[in-house]
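To start, the structure under review is shown below, and the notes come after it.
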Amino acid sequence: GLPGLDASAPASFAVDMDMLDALADADPWAEGDDWDNEDAAPPAGPESAIVAIVRTTDAALLERSIKSFGAQGLVIHVRDLGDGLAALGTDRAVVDRYDPTPGQLGAHAARLGPVGQRVDAASELLVIADPATFAPLMQEQVQSAVFGQMGMMMMMAGQNPAEALTPINEVITNWGEQAASGLIGVSYSGEGGLVLDVAAPFNEGTPLNAAMTHTGDAATMLSRVPGGSYYATIAADLRLPLVGEVFGRVLAGQEDGVLPGLKTAIDSGTGAVFVAPESPAGLLRNSVLVVRTDEPQATADAFAGAIRGLKTPADSPLIVTGTYEDDATTVEGVTADAYGLKMRPSEDAQRQAAAMGPFGQFMDPSFFNALLYGDATGFRGFAAPIDDAVLITMRRSEPRLGTAIGAAGGNNALASDERVAGALAKLPEGASLVLLTHAEQLEQITQTLMFQLGFGEAPRAVETADPVAIGVAAIDGSTHARIVLPGHLIETIIAAGAADDQMQGGPVQPAQPRRGLPF
């Protein structure tokens with residue numbers, strides 16, 4: 001409705017980093033210029049560093065239209081760039097400094113790369129960052145967080161904040177030195193949900209560009225696990241080294257963790273998928289892991305050897321013992337071994353827990369064992385090599401093993417679920433990592449935990465809904481992660497916010513500094 005502005009055309013916003021640096025140490029609460037004078041410049045704030053590039057129908061008419069904002073204390077300067085374009089900003093010097101050099105589209109496309117151009121085409125809002133400029137800023141923020149309150153918590157837990165900071169700084173440094181750009185794309189289609197794309201194309205000739213060339217098939221692994229209701233599932237193409245390392249450490253722990261045998265099995269696999277189905281007793285009780293491998297028997301043997309040789313470090317607060325039984329059962333013509341892991345606190349840990357009173361239960365593994373596995377002592381299950389994979393269950397149930405064997409062969413697998421198939425279709429092609437989860441069921445898990453702690457009511461069953469989906473691909477010399485939030489979840493969040501405002505009597509308006517936007 002602003003005369004002179006073509007509101008049907010896209011707009012771009014450029015940020016002048018020199019201006020932001022000048023504002024970094026300024027006092028946001030300082031008194032600015034005379035706001036009663038409509039010709040006076042507004043106090044300098046973050047918005048002063050922004051230049052908006054808009055399409056116009058009449059630049060002179062747009063300037064006259066915008067001048068009316070001056071009466072409201074906001075002075076916006078308009079500069080006619082020609083060719084139906086105009087630059088807008090609250091700082092005249094920044095607007096005048098903007099260089100509208102034509103003929104840059106080819107260079108712009110090159111900085112985005114093939115993946116970035118696909119993100120651009122699919123997005124309603126696209127944020128482009130210069131890695132060389134932003135990497136130092138990111139490192140400053142991370143360092144501030146690590147050596148702030150987070151660092152105190154880490155030190156109380158016996159961790160060295162500086163050691164945690166080193167790998168993070170390394171990742172940021174590599175991104176800043178090797179990435180051509182950093183991209184965030186956003187699109188929203190109502191019922192289809194909110195899609196968030198995060199991508200980084202790397203410059204040709206850099207190590208990261210050479211590493212990001214694997215077309216993954218993580219989504220196909222979901223055709224190897226049982227279907228039905230589930231809390232979450234994660235699948236990985238382990239042939240991409242970084243994905244294999246992350247998947248193994250997140251799911252199985254370090255080499256000396258609780259499940260080193262599982263880490264060994266994953267390291268020798270080419271693909272893996274883990275699903276946590278809904279369970280009335282123990283959140284992970286019905287879980288199934290399938291590791292695709294060219295040598296299933298050797299992978300199963302490595303897992304067995306690690307469980308048999310499991311030794312807990314002398315100073316560990318948690319004592320873990322493992323048991324293993326060869327050829328424990330035969331189901332669907334497949335011979336399976338049986339394994340078990342028991343966990344209990346050390347004597348020192350027990351004394352510390354006793355000294356903490358009621359809060360000591362959080363140091364007792366039996367509490368979490370019961371919550372996760374439905375057994376206060378730990379968990380046990382089956383390990384079975386099949387034609388091209390190893391199946392590992394976290395419950396010693398022959399019917400459950402039979403279901404897992406059938407699904408691994410393509411019967412009633414999770415990928416056949418229409419909601420799962422629909423979510424996978426929205427993720428990047430060639431993804432090496434895929435995660436699906438249900439926000440509603442995660443809320444149910446939280447309610448279950450609170451109920452077990454004596455708070456609130458027993459949780460009610462939730463209806464099956466479209467999952468939150470995350471996919472990560474490393475192709476065309478770029479990384480591309482996509483997060484899909486289903487429409488019903490967005491509607492729930494909006495409704496919850498509106499209800500909260502109504503309960504609070506409307507949103508509270510805190511005092512704002514005179515310099516800068518409200519946020």
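Ordering of the structure tokens sets the chain letters (A, B, ...); residue numbers start at 1 within each chain; ligands are numbered from 1 in the order shown.
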
Margin query: I need the residues of segment 257-504 of chain A that end up classed as strand (DSSP E or B) by DSSP on the backbone, written out as a PyMOL selection string.
Written below: chain A and resi 271-277+288-292+318-331+334-345+378-385+389-393+413+431-437+468-475+478-485

Notebook entry, point to check: Using only C-alpha atoms, which of A:Ile490, A:Ile234, A:Ala465, A:Leu222 sits nearest Gly410 of chain A?
Noted result: A:Leu222

Notebook entry, point to check: Using only C-alpha atoms, which residue out of A:Val472, A:Leu372, A:Ala272, A:Ala408 lies closest to Pro226 of chain A?
Noted result: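 Comparing A:Val472, A:Leu372, A:Ala272, A:Ala408 against Pro226 of chain A, the winner is A:Ala408.
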
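Among A:Met212, A:Ile76, A:Leu112, A:Leu196, the residue with the shortest atom-to-atom distance to Arg92 of chain A, counting only C-alpha atoms, is A:Ile76.
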
Next item on the list: Could you check which of A:Ser416, A:Asn174, A:Ala232, A:Thr220 is closest to Thr206 of chain A, using only C-alpha atoms?
Entry: A:Asn174

Note to self: For the structure I just gave you, how does DSSP split segment 191-420 of chain A - specifically, which residues are helix (DSSP H, G or I)? Reply as a PyMOL selection string.
What the structure shows: chain A and resi 191-192+207-211+218-224+241-252+260-267+296-308+347-355+357-363+365-373+398-408+414-416+418-420

Checklist line | Coordinates-based distance that separates atom CA of Thr437 of chain A from atom CA of Thr377 of chain A (Å, one decimal) | finding: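 Separation between atom CA of Thr377 of chain A and atom CA of Thr437 of chain A: 27.5 Å.
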
Margin query: Set the distance at 8 Å and use only C-alpha atoms: which residues neighbour Pro428 of chain A once local chain neighbours fewer than 2 positions away are removed? I'd like the list as a ChimeraX atom specification.
Written below: /A:426,430-431,471-473,480-482

Checklist line | d(atom CA of Arg396 of chain A, atom CA of Phe382 of chain A) in Å | finding: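 Rounded to one decimal, the two atoms are 5.9 Å apart.
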
Next item on the list: Tell me which protein, DNA and RNA residues are within 6 Å of Arg285 of chain A, counting only C-alpha atoms, leaving out same-chain ones fewer than 3 positions away, and put them as a list in words.
Entry: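 Residues meeting the cut-off are Gly282, Tyr373, Met394 and Arg395 of chain A.
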